[in-house]
Structure formats: structure tokens, C-alpha cells
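S.K.: If it helps, the file is called final10.cif and holds mmCIF, C-alpha atoms:
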```cif
data_work
#
loop_
_atom_site.label_atom_id
_atom_site.label_comp_id
_atom_site.auth_asym_id
_atom_site.auth_seq_id
_atom_site.Cartn_x
_atom_site.Cartn_y
_atom_site.Cartn_z
CA MET A 23 98.25 100.32 85.28
CA ALA A 24 97.82 96.88 86.79
CA THR A 25 94.43 95.37 87.57
CA THR A 26 92.99 91.88 87.72
CA LEU A 27 91.59 89.97 84.78
CA ASP A 28 87.99 90.19 86.02
CA HIS A 29 88.05 93.98 85.42
CA VAL A 30 89.12 93.83 81.74
CA LYS A 31 86.37 94.76 79.28
CA PRO A 32 85.36 92.53 76.36
CA GLY A 33 87.36 93.21 73.20
CA SER A 34 90.36 94.44 75.19
CA ARG A 35 93.80 92.91 75.29
CA ALA A 36 95.92 92.61 78.40
CA ARG A 37 99.33 91.23 79.27
CA ILE A 38 99.59 88.79 82.18
CA ILE A 39 101.85 90.22 84.90
CA ASN A 40 101.44 87.69 87.69
CA ILE A 41 99.28 84.82 88.90
CA LEU A 42 98.69 85.05 92.65
CA HIS A 43 98.75 82.02 94.95
CA GLN A 44 100.00 78.53 94.23
CA GLY A 45 98.50 75.16 93.48
CA GLY A 46 97.42 72.82 90.73
CA TRP A 47 95.25 75.45 89.03
CA VAL A 48 98.33 77.63 88.45
CA TYR A 49 100.02 74.71 86.73
CA ARG A 50 96.88 74.17 84.64
CA MET A 51 96.85 77.85 83.59
CA TYR A 52 100.47 77.45 82.45
CA GLN A 53 99.46 74.37 80.42
CA LEU A 54 96.71 76.43 78.75
CA GLY A 55 99.18 79.17 77.82
CA VAL A 56 98.21 81.67 80.53
CA PHE A 57 101.40 82.77 82.28
CA PRO A 58 103.32 86.01 82.92
CA GLY A 59 104.30 87.84 79.74
CA VAL A 60 101.51 86.40 77.58
CA GLU A 61 98.98 88.68 75.91
CA VAL A 62 95.33 87.62 76.15
CA GLU A 63 92.14 89.03 74.67
CA VAL A 64 88.94 89.10 76.69
CA VAL A 65 86.19 87.78 74.42
CA TYR A 66 83.34 87.78 76.97
CA ASN A 67 82.99 89.39 80.40
CA ASP A 68 79.56 90.55 81.49
CA GLY A 69 80.64 91.47 85.03
CA ARG A 70 79.45 88.22 86.60
CA GLY A 71 80.02 84.58 85.84
CA PRO A 72 82.89 83.15 83.81
CA ILE A 73 85.20 85.06 81.48
CA VAL A 74 86.12 83.84 77.99
CA LEU A 75 89.72 84.51 76.92
CA ARG A 76 91.49 84.14 73.62
CA VAL A 77 95.04 82.91 74.10
CA GLY A 78 96.79 82.51 70.78
CA ASP A 79 94.40 80.52 68.57
CA SER A 80 92.44 79.04 71.49
CA GLU A 81 89.55 80.25 73.61
CA ILE A 82 89.39 79.24 77.26
CA VAL A 83 86.88 79.92 80.02
CA VAL A 84 88.13 81.16 83.40
CA GLY A 85 85.96 81.40 86.48
CA ARG A 86 85.59 84.82 88.07
CA GLY A 87 87.35 83.74 91.30
CA LEU A 88 90.38 82.62 89.35
CA ALA A 89 90.29 85.78 87.20
CA ARG A 90 90.59 87.82 90.41
CA ARG A 91 93.95 86.14 91.03
CA ILE A 92 95.42 86.95 87.61
CA VAL A 93 97.13 90.35 87.60
CA VAL A 94 97.26 92.03 84.18
CA GLY A 95 98.55 95.24 82.68
CA SER A 96 97.54 97.05 79.53
CA SER A 97 98.81 95.65 76.29
CA GLY A 98 100.62 97.86 73.83
CA GLY A 99 97.88 97.29 71.26
CA SER A 100 94.76 97.73 73.40
#
```
Would you put the structure from the file into C-alpha cells?

M.R.:
Amino acid sequence: MATTLDHVKPGSRARIINILHQGGWVYRMYQLGVFPGVEVEVVYNDGRGPIVLRVGDSEIVVGRGLARRIVVGSSGGS
């Protein structure tokens, strides 16, 4: 079932399905390794404020507004 990244609970893994909209921030997400097909782990999400993701060996912080534009599906290992 698809949802947006801001709804994923801490400790869960999700696979990026799509990034909605266009612009420089989409390009920046691609540079950081966040693009369709990639599995991410949500390290921190308290329901408000930024979300911390683990992408490969790196941790990145994504604002909640941006997280609402990243469509994810469940990962096989979640």
C-alpha cells in the first residue's frame, strides 16, 4: 500500500515509489540517493518537524513538507 514518507513510523523501511512535483529539490534528493526504487529507513519521525532517514550508510534530514511529496510503499523486509 502506498503512502507518503511523513506517515512512515520510526524503525520502518520503505521503498521510494515516486517523488511528486519538479524543481531543484528533486534533483538534490537524487544527489542524496533518494529516488524511485531506493529503500530507506526512517530513523526519527515524531509526527511533527523534520524526519531523519537512513539511505545506505548515510543519514539525511527531510522536512515534513518535502516528505509529504515522497510516495513510498512497504519494503519487503519491513

S.K.: Residues at most 9 Å from Val64 in chain A, counting all atoms listed in the file, excluding those fewer than 3 positions away in the same chain, as a tab-separated table (two decimals) with C-alpha atoms, keeping the file's coordinate frame?

M.R.:
```tsv
chain	number	residue	atom	x	y	z
A	27	LEU	CA	91.59	89.97	84.78
A	30	VAL	CA	89.12	93.83	81.74
A	31	LYS	CA	86.37	94.76	79.28
A	32	PRO	CA	85.36	92.53	76.36
A	33	GLY	CA	87.36	93.21	73.20
A	34	SER	CA	90.36	94.44	75.19
A	35	ARG	CA	93.80	92.91	75.29
A	36	ALA	CA	95.92	92.61	78.40
A	67	ASN	CA	82.99	89.39	80.40
A	73	ILE	CA	85.20	85.06	81.48
A	74	VAL	CA	86.12	83.84	77.99
A	75	LEU	CA	89.72	84.51	76.92
A	76	ARG	CA	91.49	84.14	73.62
```

S.K.: Give me, please, the distance in Å between CA of Gly78 in chain A and CA of Gly46 in chain A, quoted to one decimal.

M.R.: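 Spanning CA of Gly78 in chain A to CA of Gly46 in chain A is a straight-line distance of 22.2 Å.
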
S.K.: For the point (89.4, 89.0, 89.4) in the file's frame, write as a list in words all residues with an atom no more than 9 Å away, counting only C-alpha atoms.

M.R.: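 Checked against the point, the hits come out as Thr25, Thr26, Leu27, Asp28, His29, Gly85, Arg86, Gly87, Leu88, Ala89, Arg90, Arg91, Ile92 and Val93 of chain A.
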
S.K.: Take the PyMOL selection byres ((chain A and resi 24) around 6), apply it to the structure above, and return the hits as a PyMOL selection string.

M.R.: chain A and resi 23+25+94-95

S.K.: Between CA of Glu81 in chain A and CA of Pro58 in chain A, measure the distance and give it in Å to one decimal.

M.R.: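 Rounded to one decimal, the two atoms are 17.6 Å apart.
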
S.K.: Expressed in Å to a single decimal, how great is the separation between CA of Glu61 in chain A and CA of Val84 in chain A?

M.R.: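 We find that CA of Glu61 in chain A and CA of Val84 in chain A lie 15.2 Å from each other.
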
S.K.: Counting only C-alpha atoms, figure out which residue out of A:Ile82, A:Ile41, A:Val48, A:Val77 gets nearest to Glu63 in chain A.

M.R.: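 The answer is A:Val77, which sits nearest to Glu63 in chain A.
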
S.K.: Is it possible to get the axis-aligned box enclosing range 66-71 of chain A (all listed atoms, 3 Å extra per side) as JSON, with centre and edge lengths in Å rounded to one decimal?

M.R.:
```
{"center_x": 81.4, "center_y": 88.0, "center_z": 81.8, "size_x": 9.9, "size_y": 12.9, "size_z": 15.6}
```
